[in-house]
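Q: So that you have it, the file is run_1.pdb, and it contains PDB, C-alpha atoms:
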```
ATOM      1  CA  MET A1001      19.160  54.982  -8.234
ATOM      2  CA  THR A1002      16.653  52.162  -8.417
ATOM      3  CA  ILE A1003      14.173  51.358  -5.711
ATOM      4  CA  SER A1004      14.338  47.986  -4.038
ATOM      5  CA  MET A1005      11.631  45.355  -3.945
ATOM      6  CA  HIS A1006      11.615  45.691  -0.174
ATOM      7  CA  SER A1007      11.135  49.461  -0.217
ATOM      8  CA  ALA A1008       8.361  49.104  -2.805
ATOM      9  CA  SER A1009       6.461  46.602  -0.681
ATOM     10  CA  ILE A1010       6.935  46.346   3.078
ATOM     11  CA  PRO A1011       6.841  50.089   3.947
ATOM     12  CA  VAL A1012       3.767  50.509   1.721
ATOM     13  CA  PHE A1013       1.913  47.703   3.495
ATOM     14  CA  LYS A1014       3.008  48.927   6.919
ATOM     15  CA  ARG A1015       1.901  52.498   6.322
ATOM     16  CA  GLN A1016      -1.549  51.502   5.139
ATOM     17  CA  LEU A1017      -2.053  48.885   7.848
ATOM     18  CA  GLY A1018      -1.042  51.536  10.378
ATOM     19  CA  ALA A1019      -3.681  53.815   8.882
ATOM     20  CA  LEU A1020      -6.202  50.989   9.183
ATOM     21  CA  LEU A1021      -5.520  50.813  12.925
ATOM     22  CA  VAL A1022      -6.410  54.510  13.171
ATOM     23  CA  TRP A1023      -9.623  53.904  11.201
ATOM     24  CA  LEU A1024     -10.601  51.139  13.608
ATOM     25  CA  ASP A1025     -10.019  53.505  16.542
ATOM     26  CA  LYS A1026     -12.194  56.128  14.867
ATOM     27  CA  ALA A1027     -14.890  53.527  14.195
ATOM     28  CA  GLU A1028     -14.895  52.562  17.859
ATOM     29  CA  ALA A1029     -15.172  56.218  18.898
ATOM     30  CA  HIS A1030     -17.984  56.731  16.385
ATOM     31  CA  ALA A1031     -19.935  53.789  17.810
ATOM     32  CA  ALA A1032     -19.361  54.950  21.401
ATOM     33  CA  ALA A1033     -20.534  58.487  20.601
ATOM     34  CA  ARG A1034     -23.720  57.096  19.063
ATOM     35  CA  ASN A1035     -24.152  54.362  21.647
ATOM     36  CA  PHE A1036     -24.164  51.294  19.389
ATOM     37  CA  ASP A1037     -22.261  48.034  19.379
ATOM     38  CA  THR A1038     -19.110  48.029  17.269
ATOM     39  CA  ALA A1039     -20.039  44.511  16.115
ATOM     40  CA  ASN A1040     -22.454  46.293  13.761
ATOM     41  CA  TYR A1041     -19.483  47.172  11.554
ATOM     42  CA  LEU A1042     -18.314  43.606  11.034
ATOM     43  CA  GLN A1043     -20.945  42.557   8.502
ATOM     44  CA  LEU A1044     -21.220  45.852   6.613
ATOM     45  CA  ARG A1045     -21.409  45.533   2.820
ATOM     46  CA  LEU A1046     -21.929  47.985  -0.019
ATOM     47  CA  ALA A1047     -23.686  45.344  -2.117
ATOM     48  CA  PRO A1048     -25.342  42.023  -1.264
ATOM     49  CA  ASP A1049     -22.739  39.973  -3.146
ATOM     50  CA  MET A1050     -19.781  41.758  -1.549
ATOM     51  CA  LEU A1051     -17.662  40.306   1.223
ATOM     52  CA  PRO A1052     -18.299  42.031   4.572
ATOM     53  CA  PHE A1053     -16.046  44.471   6.383
ATOM     54  CA  VAL A1054     -14.405  41.788   8.531
ATOM     55  CA  ALA A1055     -13.430  39.845   5.389
ATOM     56  CA  GLN A1056     -11.999  42.958   3.736
ATOM     57  CA  ILE A1057      -9.582  43.373   6.631
ATOM     58  CA  ARG A1058      -8.717  39.684   6.716
ATOM     59  CA  ILE A1059      -7.946  39.685   3.010
ATOM     60  CA  ALA A1060      -5.880  42.887   3.209
ATOM     61  CA  SER A1061      -3.882  41.291   6.031
ATOM     62  CA  ASP A1062      -3.453  38.078   4.054
ATOM     63  CA  ALA A1063      -2.435  40.001   0.922
ATOM     64  CA  ALA A1064       0.326  41.864   2.757
ATOM     65  CA  LYS A1065       1.762  38.839   4.535
ATOM     66  CA  ALA A1066       1.470  36.607   1.451
ATOM     67  CA  CYS A1067       3.292  39.149  -0.679
ATOM     68  CA  ALA A1068       6.118  39.486   1.820
ATOM     69  CA  ALA A1069       6.399  35.715   2.136
ATOM     70  CA  ARG A1070       6.274  35.006  -1.590
ATOM     71  CA  LEU A1071       8.867  37.647  -2.395
ATOM     72  CA  ALA A1072      11.099  36.345   0.399
ATOM     73  CA  GLY A1073      10.626  32.707  -0.647
ATOM     74  CA  GLN A1074       8.974  31.844   2.683
ATOM     75  CA  ASP A1075       5.677  30.436   3.874
ATOM     76  CA  ALA A1076       3.310  33.059   5.217
ATOM     77  CA  PRO A1077       1.968  32.625   8.734
ATOM     78  CA  LYS A1078      -1.601  31.342   8.884
ATOM     79  CA  PHE A1079      -4.201  33.254  10.863
ATOM     80  CA  GLU A1080      -7.474  31.690  12.025
ATOM     81  CA  ASP A1081      -9.993  34.070  10.342
ATOM     82  CA  ASN A1082     -12.083  34.077  13.506
ATOM     83  CA  GLU A1083     -12.130  37.785  14.351
ATOM     84  CA  ALA A1084     -15.392  38.758  16.028
ATOM     85  CA  SER A1085     -14.697  42.316  17.206
ATOM     86  CA  LEU A1086     -12.767  45.438  16.327
ATOM     87  CA  ALA A1087     -10.253  44.430  19.004
ATOM     88  CA  ASP A1088      -9.749  41.107  17.230
ATOM     89  CA  LEU A1089      -9.264  42.923  13.915
ATOM     90  CA  ARG A1090      -6.709  45.259  15.515
ATOM     91  CA  ALA A1091      -4.846  42.237  16.873
ATOM     92  CA  ARG A1092      -4.783  40.662  13.408
ATOM     93  CA  VAL A1093      -3.430  43.843  11.849
ATOM     94  CA  ARG A1094      -0.757  44.057  14.560
ATOM     95  CA  LYS A1095       0.233  40.403  13.973
ATOM     96  CA  THR A1096       0.533  41.209  10.280
ATOM     97  CA  LEU A1097       2.728  44.213  11.047
ATOM     98  CA  ASP A1098       4.880  42.065  13.341
ATOM     99  CA  TYR A1099       5.320  39.512  10.559
ATOM    100  CA  LEU A1100       6.229  42.215   8.031
ATOM    101  CA  ASP A1101       8.842  43.504  10.490
ATOM    102  CA  SER A1102      10.308  40.012  10.800
ATOM    103  CA  VAL A1103      11.039  39.615   7.079
ATOM    104  CA  PRO A1104      14.581  40.854   6.388
ATOM    105  CA  ALA A1105      14.968  43.348   3.565
ATOM    106  CA  ALA A1106      17.721  41.155   2.130
ATOM    107  CA  ALA A1107      15.225  38.305   1.695
ATOM    108  CA  ILE A1108      12.992  40.490  -0.496
ATOM    109  CA  ASP A1109      15.530  42.593  -2.359
ATOM    110  CA  GLY A1110      16.493  40.890  -5.586
ATOM    111  CA  SER A1111      13.156  39.069  -5.789
ATOM    112  CA  ASP A1112      12.116  41.014  -8.886
ATOM    113  CA  SER A1113      12.960  38.052 -11.122
ATOM    114  CA  ARG A1114      11.986  35.301  -8.629
ATOM    115  CA  GLU A1115       9.110  33.133  -9.852
ATOM    116  CA  VAL A1116       5.983  33.688  -7.783
ATOM    117  CA  VAL A1117       3.073  31.269  -7.959
ATOM    118  CA  VAL A1118      -0.334  32.282  -6.643
ATOM    119  CA  PRO A1119      -2.711  29.357  -6.109
ATOM    120  CA  LEU A1120      -6.347  30.022  -6.986
ATOM    121  CA  ARG A1121      -9.501  28.127  -6.127
ATOM    122  CA  ASN A1122     -11.014  26.301  -9.087
ATOM    123  CA  ARG A1123      -8.394  27.638 -11.515
ATOM    124  CA  ASP A1124      -4.827  27.042 -12.493
ATOM    125  CA  PRO A1125      -2.338  28.996 -10.377
ATOM    126  CA  LEU A1126      -1.074  32.330 -11.623
ATOM    127  CA  GLN A1127       2.642  32.667 -12.307
ATOM    128  CA  PHE A1128       4.548  35.927 -12.233
ATOM    129  CA  SER A1129       8.011  37.328 -11.853
ATOM    130  CA  GLY A1130       8.397  38.972  -8.454
ATOM    131  CA  GLU A1131       8.256  42.466  -9.927
ATOM    132  CA  VAL A1132       5.120  41.810 -11.971
ATOM    133  CA  TYR A1133       3.505  40.079  -8.988
ATOM    134  CA  LEU A1134       4.196  43.023  -6.692
ATOM    135  CA  LYS A1135       3.154  45.761  -9.120
ATOM    136  CA  HIS A1136       0.242  44.105 -10.893
ATOM    137  CA  TRP A1137      -1.236  41.645  -8.383
ATOM    138  CA  ALA A1138      -0.191  42.067  -4.758
ATOM    139  CA  LEU A1139      -0.373  45.852  -4.374
ATOM    140  CA  PRO A1140      -3.622  46.279  -6.352
ATOM    141  CA  ASN A1141      -5.256  43.423  -4.419
ATOM    142  CA  PHE A1142      -4.116  44.848  -1.079
ATOM    143  CA  PHE A1143      -5.334  48.356  -1.932
ATOM    144  CA  PHE A1144      -8.658  47.058  -3.236
ATOM    145  CA  HIS A1145      -9.467  45.489   0.130
ATOM    146  CA  ILE A1146      -8.060  48.388   2.164
ATOM    147  CA  THR A1147     -10.165  50.773   0.088
ATOM    148  CA  MET A1148     -13.277  48.664   0.624
ATOM    149  CA  ALA A1149     -12.697  48.712   4.395
ATOM    150  CA  TYR A1150     -12.300  52.496   4.264
ATOM    151  CA  ALA A1151     -15.435  52.900   2.113
ATOM    152  CA  LEU A1152     -17.510  50.708   4.422
ATOM    153  CA  LEU A1153     -16.528  52.760   7.463
ATOM    154  CA  ARG A1154     -17.241  56.005   5.600
ATOM    155  CA  HIS A1155     -20.593  54.600   4.515
ATOM    156  CA  ALA A1156     -21.344  53.808   8.172
ATOM    157  CA  GLY A1157     -20.709  57.442   9.105
ATOM    158  CA  VAL A1158     -17.225  57.164  10.573
ATOM    159  CA  GLU A1159     -15.514  60.502  10.129
ATOM    160  CA  LEU A1160     -12.637  59.601   7.853
ATOM    161  CA  GLY A1161     -11.149  61.716   5.114
ATOM    162  CA  LYS A1162      -8.517  61.518   2.429
ATOM    163  CA  ASN A1163      -5.739  62.325   4.908
ATOM    164  CA  ASP A1164      -6.824  59.318   6.978
ATOM    165  CA  PHE A1165      -6.565  57.114   3.903
ATOM    166  CA  LEU A1166      -3.190  58.546   2.914
ATOM    167  CA  ALA A1167      -1.984  58.301   6.518
ATOM    168  CA  THR A1168      -0.883  61.918   6.567
ATOM    169  CA  PRO A1169      -0.882  64.129   9.643
TER     170      PRO A1169
END
```
The structure in this file should be written as structure tokens.
A:
Amino acid sequence: MTISMHSASIPVFKRQLGALLVWLDKAEAHAAARNFDTANYLQLRLAPDMLPFVAQIRIASDAAKACAARLAGQDAPKFEDNEASLADLRARVRKTLDYLDSVPAAAIDGSDSREVVVPLRNRDPLQFSGEVYLKHWALPNFFFHITMAYALLRHAGVELGKNDFLATP
């Protein structure tokens, strides 16, 4: 039995975005226990030339919804990129999850050979088959930004472990 493009994408994004919601809850609890403003997390970076925490979550959200849309042959919803709190970030993640739920499996299944074009700033667009796009661009990009968000929270002292990342009980 082969796996479907839908099962290789949407449930993966949903599981990890669900885990991200738990991380944000733990970050809020961490800040409350230490009596500091959760806004301190938003601009966290591991290196000066790295995008901050808030951008990591925005990009992970965009990566998931763009992948679903491209595989389904749809336009992805546009979000404002104006999140200024953990509550705003949670709302963005929930909107992303709602969008992922709205994309029918039938629209994604069979997209393995669909041409996918990824526009890039200051470069020619990338072109992939749906399968190559999912396996070699969309999932790695999504996990890169999810991992950075996780690492930034860990670096800030939020008590997260491997089971939190893997979304296991």
Q: Mind checking which residues fall within 7 Å of region 1006-1009 of chain A, counting all atoms listed in the file, ignoring those fewer than 4 positions away in the same chain, and posting them as a list in words?
A: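 Returned residues: Phe1013, Ala1105, Ile1108 and Asp1109 of chain A.
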Q: If I take CA of Val1118 (chain A) and CA of Gly1130 (chain A), how far is one from the other in Å, to one decimal?
A: 11.1 Å
Q: So that I can see what lies close to Cys1067 (chain A), please list as a PDB file with C-alpha atoms, keeping the file's coordinate frame the residues with an atom at most 10 Å from it, counting all atoms listed in the file and leaving out residues fewer than 2 positions away in the same chain.
A:
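That gives us out-v8.pdb:
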```pdb
ATOM      1  CA  SER A1009       6.461  46.602  -0.681  1.00  0.00           C
ATOM      2  CA  ILE A1010       6.935  46.346   3.078  1.00  0.00           C
ATOM      3  CA  PHE A1013       1.913  47.703   3.495  1.00  0.00           C
ATOM      4  CA  ASP A1062      -3.453  38.078   4.054  1.00  0.00           C
ATOM      5  CA  ALA A1063      -2.435  40.001   0.922  1.00  0.00           C
ATOM      6  CA  ALA A1064       0.326  41.864   2.757  1.00  0.00           C
ATOM      7  CA  LYS A1065       1.762  38.839   4.535  1.00  0.00           C
ATOM      8  CA  ALA A1069       6.399  35.715   2.136  1.00  0.00           C
ATOM      9  CA  ARG A1070       6.274  35.006  -1.590  1.00  0.00           C
ATOM     10  CA  LEU A1071       8.867  37.647  -2.395  1.00  0.00           C
ATOM     11  CA  ALA A1072      11.099  36.345   0.399  1.00  0.00           C
ATOM     12  CA  GLY A1073      10.626  32.707  -0.647  1.00  0.00           C
ATOM     13  CA  GLN A1074       8.974  31.844   2.683  1.00  0.00           C
ATOM     14  CA  ALA A1076       3.310  33.059   5.217  1.00  0.00           C
ATOM     15  CA  LEU A1100       6.229  42.215   8.031  1.00  0.00           C
ATOM     16  CA  ILE A1108      12.992  40.490  -0.496  1.00  0.00           C
ATOM     17  CA  VAL A1116       5.983  33.688  -7.783  1.00  0.00           C
ATOM     18  CA  VAL A1118      -0.334  32.282  -6.643  1.00  0.00           C
ATOM     19  CA  GLY A1130       8.397  38.972  -8.454  1.00  0.00           C
ATOM     20  CA  TYR A1133       3.505  40.079  -8.988  1.00  0.00           C
ATOM     21  CA  LEU A1134       4.196  43.023  -6.692  1.00  0.00           C
ATOM     22  CA  TRP A1137      -1.236  41.645  -8.383  1.00  0.00           C
ATOM     23  CA  ALA A1138      -0.191  42.067  -4.758  1.00  0.00           C
ATOM     24  CA  LEU A1139      -0.373  45.852  -4.374  1.00  0.00           C
ATOM     25  CA  PHE A1142      -4.116  44.848  -1.079  1.00  0.00           C
TER      26      PHE A1142
END
```
Q: What gap, in Å, lies between CA of Arg1045 (chain A) and CA of Glu1028 (chain A)?
A: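 So the two atoms, CA of Arg1045 (chain A) and CA of Glu1028 (chain A), lie 17.8 Å apart.
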Q: By how many Å are CA of Met1050 (chain A) and CA of Leu1021 (chain A) apart?
A: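 Separation between CA of Met1050 (chain A) and CA of Leu1021 (chain A): 22.2 Å.
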Q: With all atoms listed in the file as the counted atoms, please give the residues lying no more than 9 Å from Glu1083 (chain A), apart from itself and same-chain residues fewer than 6 positions off, as a PyMOL selection string.
A: chain A and resi 1054+1058+1089+1091-1092
Q: Quick check on the file I pasted: which residues fall under the PyMOL selection byres ((chain A and resi 1046) around 9)? Write them as a CSV table (one decimal) with C-alpha atoms, in the coordinates of the input.
A:
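Contents of expr-v7.csv, freshly written:
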```csv
chain,number,residue,atom,x,y,z
A,1044,LEU,CA,-21.2,45.9,6.6
A,1045,ARG,CA,-21.4,45.5,2.8
A,1047,ALA,CA,-23.7,45.3,-2.1
A,1048,PRO,CA,-25.3,42.0,-1.3
A,1049,ASP,CA,-22.7,40.0,-3.1
A,1050,MET,CA,-19.8,41.8,-1.5
A,1051,LEU,CA,-17.7,40.3,1.2
A,1052,PRO,CA,-18.3,42.0,4.6
A,1148,MET,CA,-13.3,48.7,0.6
A,1151,ALA,CA,-15.4,52.9,2.1
A,1152,LEU,CA,-17.5,50.7,4.4
A,1155,HIS,CA,-20.6,54.6,4.5
```
Q: Have a look at A:Gln1056, A:Ile1003, A:Tyr1041, A:Val1022 and name the one nearest to Ala1156 (chain A); count only C-alpha atoms.
A: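 Of all the options, A:Tyr1041 lies closest to Ala1156 (chain A).
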Q: Got a sec to resolve the PyMOL selection byres ((chain A and resi 1019) around 9) on this structure and send the residues as a ChimeraX atom specification?
A: /A:1014-1018,1020-1024,1164-1168
Q: Take the residues from that selection and write them out as an mmCIF file, in the coordinates of the input, keeping C-alpha atoms.
A:
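File written: again.cif
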```
data_model
loop_
_atom_site.group_PDB
_atom_site.id
_atom_site.type_symbol
_atom_site.label_atom_id
_atom_site.label_comp_id
_atom_site.auth_asym_id
_atom_site.auth_seq_id
_atom_site.Cartn_x
_atom_site.Cartn_y
_atom_site.Cartn_z
ATOM 1 C CA LYS A 1014 3.008 48.927 6.919
ATOM 2 C CA ARG A 1015 1.901 52.498 6.322
ATOM 3 C CA GLN A 1016 -1.549 51.502 5.139
ATOM 4 C CA LEU A 1017 -2.053 48.885 7.848
ATOM 5 C CA GLY A 1018 -1.042 51.536 10.378
ATOM 6 C CA LEU A 1020 -6.202 50.989 9.183
ATOM 7 C CA LEU A 1021 -5.520 50.813 12.925
ATOM 8 C CA VAL A 1022 -6.410 54.510 13.171
ATOM 9 C CA TRP A 1023 -9.623 53.904 11.201
ATOM 10 C CA LEU A 1024 -10.601 51.139 13.608
ATOM 11 C CA ASP A 1164 -6.824 59.318 6.978
ATOM 12 C CA PHE A 1165 -6.565 57.114 3.903
ATOM 13 C CA LEU A 1166 -3.190 58.546 2.914
ATOM 14 C CA ALA A 1167 -1.984 58.301 6.518
ATOM 15 C CA THR A 1168 -0.883 61.918 6.567
#
```
Q: From the set A:Gln1043, A:Ser1111, A:Thr1096, A:Asn1122, which residue has the shortest atom-to-atom contact distance to Ala1084 (chain A), counting only C-alpha atoms?
A: A:Gln1043
Q: Which residue, A:Ala1149, A:Ala1039, A:Leu1160, A:Ala1027, has the smallest gap to Ser1085 (chain A) when you use all atoms listed in the file?
A: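 Going through A:Ala1149, A:Ala1039, A:Leu1160, A:Ala1027 one by one, the smallest distance to Ser1085 (chain A) is for A:Ala1039.
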Q: Tell me which of A:Ala1107, A:His1030, A:Ala1066, A:Asp1025 sits closest to Pro1119 (chain A), counting all atoms listed in the file.
A: A:Ala1066
Q: Measuring between all atoms listed in the file, which one of A:Leu1153, A:Ala1055, A:Pro1140, A:Glu1131 shows the shortest distance to Thr1038 (chain A)?
A: A:Leu1153
Q: So, with all atoms listed in the file as the atoms that count, which of A:Val1012, A:Gly1161, A:Ala1068, A:Arg1154 lies closest to Ala1106 (chain A)?
A: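 Result for the nearest residue to Ala1106 (chain A): A:Ala1068.
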